[in-house]
$ cat coords_19.cif   # mmCIF, C-alpha atoms
data_work
loop_
_atom_site.label_atom_id
_atom_site.label_comp_id
_atom_site.auth_asym_id
_atom_site.auth_seq_id
_atom_site.Cartn_x
_atom_site.Cartn_y
_atom_site.Cartn_z
CA VAL A 1 287.51 10.30 56.60
CA ILE A 2 288.73 7.34 58.67
CA GLY A 3 285.78 5.13 59.59
CA THR A 4 287.33 2.35 61.66
CA ALA A 5 291.01 1.70 62.39
CA THR A 6 293.46 0.19 64.83
CA GLY A 7 296.00 2.65 66.17
CA PRO A 8 298.39 4.22 66.15
CA VAL A 9 296.75 6.51 63.57
CA ASN A 10 298.48 9.77 62.57
CA ILE A 11 296.89 12.58 60.54
CA LEU A 12 299.63 15.16 60.09
CA ARG A 13 300.48 18.28 58.06
CA ASN A 14 297.50 18.29 55.69
CA THR A 15 295.71 21.21 54.08
CA VAL A 16 291.96 20.60 53.82
CA GLY A 17 289.44 23.13 52.54
CA GLY A 18 286.22 23.61 50.64
CA THR A 19 284.66 20.30 51.75
CA ALA A 20 280.90 19.78 51.57
CA THR A 21 280.67 18.47 55.14
CA GLN A 22 283.57 18.11 57.63
CA GLY A 23 287.26 18.74 57.10
CA ILE A 24 288.94 15.82 58.94
CA VAL A 25 286.96 12.92 60.44
CA ALA A 26 288.35 10.01 62.50
CA LEU A 27 285.89 7.54 64.02
CA ASN A 28 286.11 4.26 65.95
CA ILE A 29 289.84 4.18 66.60
CA ASN A 30 291.08 1.32 68.76
CA GLY A 31 294.42 2.65 69.91
CA ASP A 32 296.13 6.03 69.84
CA LEU A 33 295.23 8.85 67.47
CA THR A 34 297.22 11.99 66.63
CA VAL A 35 295.82 14.87 64.56
CA ALA A 36 298.46 17.59 64.36
CA ASN A 37 299.77 20.49 62.30
CA ASN A 38 296.87 20.50 59.85
CA LEU A 39 295.34 23.53 58.14
CA VAL A 40 291.56 23.13 57.89
CA GLY A 41 289.03 25.67 56.66
CA PHE A 42 286.16 26.79 54.48
CA THR A 43 283.94 23.76 55.14
CA VAL A 44 280.44 24.15 53.71
CA GLY A 45 278.34 21.90 55.93
CA THR A 46 274.61 21.77 55.21
CA PRO A 47 272.55 20.72 58.30
CA VAL A 48 270.84 17.33 57.98
CA THR A 49 267.72 15.92 59.62
CA VAL A 50 267.98 12.66 61.56
CA THR A 51 265.44 10.69 63.58
CA VAL A 52 266.34 10.19 67.24
CA PRO A 53 264.33 7.91 69.56
CA ILE A 54 262.03 9.87 71.89
CA LEU A 55 263.03 13.21 70.36
CA GLY A 56 261.92 12.44 66.82
CA ASP A 57 263.34 14.40 63.88
CA ILE A 58 266.09 16.85 64.79
CA THR A 59 268.44 19.01 62.76
CA VAL A 60 272.12 18.12 63.07
CA PRO A 61 274.76 20.61 61.92
CA THR A 62 277.70 19.57 59.79
CA GLY A 63 280.63 21.61 58.55
CA GLN A 64 282.97 20.95 61.48
CA GLY A 65 286.68 21.43 60.96
CA ILE A 66 287.92 18.35 62.83
CA VAL A 67 285.64 15.57 64.14
CA ILE A 68 286.86 12.73 66.37
CA GLY A 69 284.54 10.08 67.76
CA GLY A 70 285.09 6.83 69.60
CA VAL A 71 288.77 6.54 70.54
CA ASN A 72 289.87 3.78 72.90
CA GLY A 73 293.30 5.08 73.79
CA THR A 74 295.00 8.48 73.69
CA ALA A 75 293.67 11.14 71.34
CA THR A 76 296.03 14.06 70.66
CA VAL A 77 294.77 17.08 68.71
CA SER A 78 297.56 19.61 68.57
CA SER A 79 298.86 22.64 66.66
CA ASN A 80 296.08 22.68 64.08
CA ASP A 81 294.87 25.86 62.41
CA VAL A 82 291.09 25.67 61.95
CA GLY A 83 289.05 28.53 60.53
CA ASN A 84 286.08 29.62 58.44
CA THR A 85 283.98 26.54 59.17
CA ASN A 86 280.21 26.25 58.99
CA GLY A 87 280.21 24.14 62.16
CA GLN A 88 282.31 23.63 65.27
CA GLY A 89 286.03 24.16 64.93
CA ILE A 90 286.89 20.90 66.71
CA ALA A 91 284.32 18.32 67.92
CA ILE A 92 285.39 15.35 70.04
CA ALA A 93 283.15 12.63 71.49
CA GLY A 94 283.52 9.27 73.13
CA VAL A 95 287.22 9.20 73.99
CA GLN A 96 287.84 6.46 76.57
CA GLY A 97 291.32 7.11 77.89
CA THR A 98 293.20 10.39 77.49
CA ALA A 99 292.41 13.37 75.29
CA ASN A 100 295.00 16.13 74.79
CA ILE A 101 293.74 19.18 72.90
CA THR A 102 296.55 21.71 72.86
CA ASP A 103 298.04 24.63 70.96
CA ASN A 104 295.32 24.87 68.32
CA ARG A 105 294.21 28.10 66.69
CA ILE A 106 290.45 28.12 66.07
CA GLN A 107 289.06 31.22 64.41
CA THR A 108 285.85 32.26 62.64
CA VAL A 109 283.82 29.11 63.27
CA THR A 110 280.15 28.34 64.01
CA ASP A 111 278.37 26.99 67.13
CA GLN A 112 281.42 26.20 69.29
CA GLY A 113 285.13 26.65 68.98
CA LEU A 114 285.69 23.32 70.74
CA VAL A 115 283.06 20.86 71.95
CA VAL A 116 283.89 17.72 73.95
CA ALA A 117 281.15 15.22 74.80
CA GLY A 118 280.94 11.84 76.49
CA THR A 119 284.62 11.40 77.32
CA SER A 120 285.95 9.48 80.32
CA GLY A 121 289.45 9.36 81.72
CA THR A 122 291.76 12.37 81.47
CA LEU A 123 291.03 15.48 79.43
CA ASN A 124 293.60 18.23 78.91
CA ILE A 125 292.63 21.40 77.01
CA ALA A 126 295.57 23.79 77.02
CA ASN A 127 297.03 26.79 75.23
CA ASN A 128 294.41 27.06 72.50
CA GLN A 129 293.33 30.29 70.84
CA ILE A 130 289.60 30.53 70.12
CA LEU A 131 288.42 33.68 68.38
CA ASN A 132 285.19 34.76 66.71
CA VAL A 133 282.53 32.07 67.18
CA THR A 134 279.16 32.62 65.46
CA SER A 135 275.92 31.42 67.08
CA ARG A 136 272.64 30.17 65.63
CA ASN A 137 269.37 28.73 66.96
CA PHE A 138 268.10 25.17 66.49
CA ILE A 139 264.54 23.99 67.12
CA ILE A 140 264.35 20.52 68.68
CA PRO A 141 261.32 18.49 69.86
CA ASN A 142 260.48 18.69 73.55
CA PRO A 143 260.40 15.12 74.97
CA LEU A 144 258.60 16.37 78.11
CA PHE A 145 255.55 17.80 76.30
CA PRO A 146 252.76 18.12 77.46
CA LEU A 147 254.04 17.76 81.05
CA PHE A 148 256.48 20.62 80.64
CA GLY A 149 256.75 23.38 78.08
CA GLY A 150 255.58 23.48 74.50
CA LEU A 151 256.07 21.20 71.53
CA THR A 152 259.64 22.33 70.87
CA PHE A 153 262.68 23.91 72.48
CA ASP A 154 264.63 26.75 70.93
CA VAL A 155 268.33 26.01 71.61
CA PRO A 156 270.91 28.66 70.77
CA THR A 157 274.55 27.75 70.16
CA GLY A 158 277.64 29.83 70.79
CA GLN A 159 280.36 28.73 73.24
CA GLY A 160 284.12 28.98 73.07
CA ILE A 161 284.67 25.66 74.85
CA LEU A 162 281.71 23.39 75.65
CA LEU A 163 281.94 20.21 77.75
CA ILE A 164 278.92 17.87 77.88
CA GLY A 165 278.76 14.64 79.85
CA THR A 166 282.48 14.46 80.62
CA PHE A 167 283.68 12.13 83.40
CA GLY A 168 287.01 11.66 85.15
CA THR A 169 289.60 14.43 85.39
CA ALA A 170 289.68 17.51 83.18
CA SER A 171 291.82 20.64 83.02
CA ILE A 172 291.25 23.76 80.92
CA THR A 173 294.39 25.89 81.19
CA GLY A 174 296.16 28.71 79.40
CA ASN A 175 293.54 29.27 76.70
CA THR A 176 292.54 32.58 75.12
CA ILE A 177 288.83 32.89 74.25
CA GLU A 178 287.44 36.05 72.68
CA GLN A 179 284.48 37.27 70.65
CA VAL A 180 282.08 34.38 71.14
CA ASP A 181 278.64 35.41 69.87
CA GLY A 182 275.43 34.24 71.50
CA ALA A 183 271.65 34.41 71.41
CA PHE A 184 268.61 34.11 73.66
CA SER A 185 266.15 31.23 73.65
CA THR A 186 262.47 31.89 73.07
CA THR A 187 261.61 28.86 75.26
CA PRO A 188 262.80 29.29 78.88
CA PRO A 189 264.37 27.69 80.86
CA ILE A 190 266.71 26.97 77.94
CA PRO A 191 269.60 29.34 78.71
CA ALA A 192 271.09 31.97 76.47
CA SER A 193 274.40 31.13 74.80
CA GLY A 194 277.58 33.13 74.27
CA GLN A 195 279.80 31.75 77.06
CA GLY A 196 283.56 31.56 76.94
CA ILE A 197 283.65 28.20 78.75
CA ALA A 198 280.49 26.18 79.49
CA LEU A 199 279.97 22.81 81.17
CA ALA A 200 276.80 20.71 81.37
CA SER A 201 276.95 17.54 83.48
CA PHE A 202 274.03 15.25 84.28
CA THR A 203 275.57 12.18 85.90
CA GLY A 204 278.91 10.73 86.97
CA ASN A 205 281.88 12.44 88.62
CA LEU A 206 284.20 15.09 87.18
CA ASP A 207 287.20 16.75 88.79
CA LEU A 208 287.64 19.97 86.82
CA THR A 209 290.32 22.66 86.95
CA ILE A 210 289.97 25.91 84.99
CA ALA A 211 293.14 27.96 85.37
CA ASP A 212 295.23 30.69 83.75
CA ASN A 213 292.79 31.43 80.93
CA GLN A 214 292.13 34.79 79.27
CA ILE A 215 288.39 35.11 78.55
CA ARG A 216 287.15 38.44 77.29
CA SER A 217 284.66 40.27 75.10
CA ASN A 218 282.14 37.44 74.76
CA PHE A 219 278.35 37.76 74.48
CA ASN A 220 277.53 36.19 77.86
CA ASP A 221 279.24 34.62 80.89
CA ALA A 222 282.97 34.08 80.90
CA ILE A 223 282.56 30.72 82.69
CA LEU A 224 279.26 28.87 83.23
CA ILE A 225 279.10 25.55 85.11
CA GLY A 226 275.85 23.56 85.30
CA LEU A 227 275.32 20.29 87.19
CA LEU A 228 272.00 18.43 87.20
CA GLY A 229 270.72 14.95 87.99
CA ASP A 230 273.14 13.03 90.21
CA ALA A 231 276.29 14.64 88.82
CA THR A 232 279.11 15.14 91.31
CA GLY A 233 282.53 16.68 91.20
CA ASN A 234 285.29 18.89 92.49
CA LEU A 235 285.85 22.29 90.90
CA THR A 236 288.84 24.64 90.95
CA ILE A 237 288.73 27.99 89.11
CA ARG A 238 292.05 29.76 89.59
CA ASN A 239 294.09 32.67 88.22
CA ASN A 240 291.87 33.47 85.24
CA THR A 241 291.39 36.90 83.71
CA LEU A 242 287.68 37.37 82.95
CA GLU A 243 286.87 40.77 81.54
CA ASN A 244 284.35 42.69 79.45
CA ASN A 245 282.00 39.74 78.93
CA GLY A 246 278.24 40.17 78.64
CA GLY A 247 276.32 43.41 78.19
CA ALA A 248 273.64 45.75 79.45
CA THR A 249 270.68 45.30 77.08
CA PRO A 250 269.50 43.04 78.52
CA ILE A 251 271.88 42.64 81.46
CA ARG A 252 273.91 39.45 81.07
CA GLY A 253 277.38 38.03 81.57
CA ASP A 254 278.64 36.75 84.94
CA GLY A 255 282.35 36.41 85.41
CA ILE A 256 281.78 32.96 86.94
CA GLY A 257 278.32 31.38 87.06
CA ILE A 258 277.66 28.05 88.82
CA GLY A 259 274.24 26.39 88.93
CA LEU A 260 273.34 23.14 90.70
CA ASP A 261 269.95 21.48 90.69
CA GLN A 262 268.21 18.17 91.44
CA ASP A 263 270.73 16.01 93.39
CA ALA A 264 273.98 17.44 92.03
CA VAL A 265 276.91 17.90 94.42
CA ILE A 266 280.19 19.81 94.28
CA ASN A 267 282.21 18.43 97.16
CA ASN A 268 285.19 20.76 96.95
CA LEU A 269 284.93 24.19 95.35
CA LEU A 270 287.88 26.57 95.17
CA ILE A 271 287.63 29.91 93.37
CA GLU A 272 290.81 31.89 93.92
CA GLY A 273 293.12 34.45 92.42
CA ASN A 274 290.87 35.45 89.53
CA THR A 275 290.68 38.93 88.05
CA ILE A 276 287.04 39.62 87.19
CA GLN A 277 286.35 43.05 85.77
CA GLY A 278 284.03 44.95 83.48
CA ASN A 279 281.52 42.12 82.98
CA GLY A 280 277.84 42.84 82.48
CA ASP A 281 276.40 40.95 85.46
CA ASP A 282 277.65 39.41 88.73
CA GLY A 283 281.30 38.76 89.42
CA ILE A 284 280.72 35.30 90.94
CA ASP A 285 277.16 33.93 90.98
CA ILE A 286 276.38 30.55 92.63
CA ARG A 287 272.79 29.30 92.65
CA LEU A 288 271.37 26.06 93.99
CA GLY A 289 267.86 24.83 93.26
CA SER A 290 266.83 27.77 91.11
CA GLN A 291 264.81 25.53 88.76
CA SER A 292 263.24 23.43 91.51
CA VAL A 293 259.60 23.26 92.57
CA PRO A 294 259.65 22.42 96.33
CA VAL A 295 256.61 20.12 96.36
CA THR A 296 256.68 18.38 93.00
CA SER A 297 260.36 18.65 92.02
CA PRO A 298 262.55 19.54 95.00
CA SER A 299 266.30 19.97 94.78
CA ASN A 300 268.81 18.47 97.22
CA ALA A 301 271.89 19.97 95.58
CA GLN A 302 274.93 20.69 97.75
CA ILE A 303 278.12 22.71 97.43
CA SER A 304 281.06 23.17 99.80
CA GLY A 305 284.17 25.24 99.33
CA THR A 306 286.05 28.52 99.46
CA ILE A 307 286.07 31.77 97.47
CA ARG A 308 289.23 33.75 98.21
CA ASN A 309 291.76 36.26 96.93
CA ASN A 310 289.75 37.32 93.89
CA THR A 311 289.71 40.86 92.53
CA ILE A 312 286.25 41.87 91.30
CA SER A 313 285.25 45.24 89.89
CA THR A 314 281.97 46.57 88.61
CA PRO A 315 281.14 46.62 84.91
CA ALA A 316 282.10 49.56 82.78
CA LEU A 317 278.35 50.29 82.55
CA THR A 318 275.98 52.36 84.64
CA VAL A 319 273.43 49.87 85.96
CA THR A 320 270.86 49.96 88.75
CA SER A 321 269.51 46.42 88.75
CA GLY A 322 271.47 44.93 91.65
CA GLN A 323 274.56 43.28 90.22
CA THR A 324 276.67 41.64 92.89
CA GLY A 325 280.36 41.06 93.44
CA ILE A 326 279.82 37.61 94.96
CA GLN A 327 276.41 36.00 95.27
CA VAL A 328 275.45 32.64 96.79
CA GLU A 329 271.77 31.63 96.74
CA ALA A 330 270.25 28.37 98.02
CA GLN A 331 266.63 27.35 97.38
CA SER A 332 264.42 24.30 97.99
CA PHE A 333 266.27 21.65 100.10
CA THR A 334 269.74 22.64 98.90
CA GLN A 335 272.78 23.32 101.06
CA ALA A 336 275.68 25.71 100.46
CA ASN A 337 278.63 25.72 102.85
CA VAL A 338 280.99 28.38 101.54
CA THR A 339 283.80 30.42 103.05
CA ILE A 340 284.36 33.83 101.43
CA GLU A 341 287.62 35.49 102.43
CA SER A 342 290.24 38.05 101.38
CA ASN A 343 288.53 39.17 98.18
CA THR A 344 288.82 42.73 96.85
CA ILE A 345 285.51 44.03 95.50
CA ASN A 346 285.46 47.54 94.07
CA ILE A 347 281.93 48.93 94.01
CA ALA A 348 281.46 51.85 91.65
CA ASN A 349 277.90 51.69 90.33
CA VAL A 350 274.55 52.38 91.93
CA GLY A 351 272.70 49.15 92.75
CA PHE A 352 275.82 46.99 92.96
CA SER A 353 276.22 44.86 96.11
CA GLY A 354 279.54 43.57 97.35
CA ILE A 355 278.59 40.17 98.83
CA ASN A 356 275.05 38.81 98.84
CA LEU A 357 274.14 35.57 100.61
CA GLN A 358 270.50 34.56 100.51
CA THR A 359 268.45 31.47 101.10
CA ARG A 360 264.96 30.21 100.46
CA SER A 361 266.12 26.74 101.38
CA VAL A 362 264.50 24.47 103.92
CA THR A 363 267.91 23.17 104.99
CA ASN A 364 269.54 26.58 104.75
CA LEU A 365 272.81 28.15 103.73
CA PHE A 366 275.93 27.95 105.84
CA GLY A 367 278.90 30.19 105.33
CA ALA A 368 281.59 32.39 106.67
CA VAL A 369 282.52 35.79 105.35
CA THR A 370 286.02 36.68 106.52
CA PRO A 371 287.15 40.28 105.95
CA ASP A 372 290.65 41.13 104.83
CA PRO A 373 291.93 43.90 107.15
CA ALA A 374 293.90 45.43 104.28
CA ASN A 375 290.83 45.44 102.02
CA PRO A 376 287.82 45.86 104.31
CA ARG A 377 285.24 46.47 101.57
#
$ encode --input "coords_19.cif" --output "structure tokens"
Amino acid sequence: VIGTATGPVNILRNTVGGTATQGIVALNINGDLTVANNLVGFTVGTPVTVTVPILGDITVPTGQGIVIGGVNGTATVSSNDVGNTNGQGIAIAGVQGTANITDNRIQTVTDQGLVVAGTSGTLNIANNQILNVTSRNFIIPNPLFPLFGGLTFDVPTGQGILLIGTFGTASITGNTIEQVDGAFSTTPPIPASGQGIALASFTGNLDLTIADNQIRSNFNDAILIGLLGDATGNLTIRNNTLENNGGATPIRGDGIGIGLDQDAVINNLLIEGNTIQGNGDDGIDIRLGSQSVPVTSPSNAQISGTIRNNTISTPALTVTSGQTGIQVEAQSFTQANVTIESNTINIANVGFSGINLQTRSVTNLFGAVTPDPANPR
């Protein structure tokens, strides 16, 4: 454990195993940090209870393989082998500068393979292998009770890569993510877990590129993007292979799911060149204002962009509940201005729609659907 240090700090070529809490911990680094070529595994990690203002007592997991928090500089986490942990494989928070997380193998871990929270600057997540992530459910106090919901929320874990509150520029490229487990929450609207890549953003701006990843055989969505509050950004999802995610009982698992609510805005969306096949639910599902209440809690979310040159095929399941190749839905006061062109959508199952645009929005949905003469479906 490194509590406070002035960089450069290098943690290299260590073998760490059997620890009671985390494997490698580096906190409050003023300068550059490199954690590379380490073998970390078999952390025990007993959850602890801490008191958080407003929320009260909450359970916090330990047992992470590598934990980095508070770096003012460049943080490089590269070529580590992390496995058999009773917490996240790699957890990174509060990097102000540049974070490079590359070429790591993360296997048989709990909660998330990689979680990044509260970073600003440049984030690069590339060429990592994340395999076999186990989920679990945590009960946390509900700060909105009695105005909304019950006394507690049931929050399931289980994501391959999870970004929370990340600002600046981020790229997630060339990663392989497989066999991420998930669970359902007993307290809606808390979402189910089990995503390959998931993002939750509540404020600030993020320019995010997700490209050239292989995401398959996970419990839920391959990619799930959620923006709330006044979060803004630009989003490119390109040349990914997203296959056999989700399931049929119950139906779950979009190839790409994007949800915007409150005043969130995606100024420039580009979804192109992806192969999306055999997933349990929609190929591409974009929803604005789905959690809004028009009178008491309206949504003014907006999205603009293009969906093109994607190949989408129906799941390898016989379903009749209305899965869609590409769906865009706008509710409340939201606006969606989307061009959909030159996609190939192979419809094999009963109840599966090719392209579905619908609105229950006061300000409506604008779009263009441009057919490809060579692929008129």
$ atom_distance --input "coords_19.cif" --atom1 "atom CA of A:Arg287" --atom2 "atom CA of A:Gln327"
8.1 Å
$ residues_around --input "coords_19.cif" --residues "A:Asn310" --least-positions-apart "6" --cutoff "6 Å" --atoms "only C-alpha atoms" --output "CSV table (one decimal) with C-alpha atoms, in the coordinates of the input"
chain,number,residue,atom,x,y,z
A,272,GLU,CA,290.8,31.9,93.9
A,273,GLY,CA,293.1,34.4,92.4
A,274,ASN,CA,290.9,35.4,89.5
A,343,ASN,CA,288.5,39.2,98.2
$ closest_atom_pairs --input "coords_19.cif" --of "stretch 156-254 of chain A" --to "stretch 148-152 of chain A" --cutoff "10 Å" --atoms "all atoms listed in the file" --output "CSV"
residue,atom,partner,partner_atom,distance
A:Thr187,CA,A:Gly149,CA,7.8
A:Pro188,CA,A:Gly149,CA,8.5
A:Pro189,CA,A:Gly149,CA,9.2
$ closest_residue --input "coords_19.cif" --among "A:Leu163, A:Ile29, A:Ala183, A:Ile284" --to "A:Pro250" --atoms "all atoms listed in the file"
A:Ala183
$ residues_near_point --input "coords_19.cif" --point "(290.1, 1.5, 68.9)" --cutoff "12 Å" --atoms "all atoms listed in the file" --output "ChimeraX atom specification"
/A:2-9,26-33,68-75,94-97
$ atom_distance --input "coords_19.cif" --atom1 "atom CA of A:Thr108" --atom2 "atom CA of A:Ser201"
27.0 Å
$ residues_around --input "coords_19.cif" --residues "stretch 13-19 of chain A" --least-positions-apart "6" --cutoff "6 Å" --atoms "all atoms listed in the file" --output "list in words"
Asn37, Asn38, Leu39, Val40, Gly41, Phe42 and Thr43 of chain A
$ atom_distance --input "coords_19.cif" --atom1 "atom CA of A:Val109" --atom2 "atom CA of A:Gly259"
27.5 Å
$ residues_around --input "coords_19.cif" --residues "A:Ala117" --least-positions-apart "6" --cutoff "9 Å" --atoms "all atoms listed in the file" --output "VMD selection string"
chain A and resid 91 to 95 162 to 166
$ resolve_selection --input "coords_19.cif" --expression "the PyMOL selection byres ((chain A and resi 275) around 9)" --output "ChimeraX atom specification"
/A:239-243,273-274,276-277,310-313
$ resolve_selection --input "coords_19.cif" --expression "the PyMOL selection byres ((chain A and resi 252) around 8)" --output "PyMOL selection string"
chain A and resi 220-221+246-251+253-254+280-281
$ residues_around --input "coords_19.cif" --residues "A:Thr46" --least-positions-apart "3" --cutoff "10 Å" --atoms "only C-alpha atoms" --output "JSON list (two decimals) with C-alpha atoms, in the coordinates of the input"
[["chain", "number", "residue", "atom", "x", "y", "z"],
["A", 20, "ALA", "CA", 280.90, 19.78, 51.57],
["A", 21, "THR", "CA", 280.67, 18.47, 55.14],
["A", 22, "GLN", "CA", 283.57, 18.11, 57.63],
["A", 43, "THR", "CA", 283.94, 23.76, 55.14],
["A", 60, "VAL", "CA", 272.12, 18.12, 63.07],
["A", 61, "PRO", "CA", 274.76, 20.61, 61.92],
["A", 62, "THR", "CA", 277.70, 19.57, 59.79],
["A", 63, "GLY", "CA", 280.63, 21.61, 58.55],
["A", 86, "ASN", "CA", 280.21, 26.25, 58.99],
["A", 87, "GLY", "CA", 280.21, 24.14, 62.16]]
$ residues_around --input "coords_19.cif" --residues "A:Leu228" --least-positions-apart "6" --cutoff "10 Å" --atoms "all atoms listed in the file" --output "PyMOL selection string"
chain A and resi 200-203+259-265+289+299+301
$ resolve_selection --input "coords_19.cif" --expression "the PyMOL selection byres ((chain A and resi 270) around 12)" --output "ChimeraX atom specification"
/A:207-211,233-239,266-269,271-274,303-310,338-341
$ residues_near_point --input "coords_19.cif" --point "(295.2, 13.2, 63.4)" --cutoff "8 Å" --atoms "all atoms listed in the file" --output "list in words"
Val9, Asn10, Ile11, Leu12, Ala26, Leu33, Thr34, Val35, Ala36, Thr76 and Val77 of chain A
$ closest_residue --input "coords_19.cif" --among "A:Ile190, A:Val116, A:Ile139, A:Ile101" --to "A:Thr173" --atoms "only C-alpha atoms"
A:Ile101
$ closest_residue --input "coords_19.cif" --among "A:Gly160, A:Gly257, A:Gly226, A:Gly196" --to "A:Asn245" --atoms "only C-alpha atoms"
A:Gly196
$ closest_residue --input "coords_19.cif" --among "A:Thr122, A:Gln159, A:Ser290, A:Thr344" --to "A:Arg136" --atoms "all atoms listed in the file"
A:Gln159
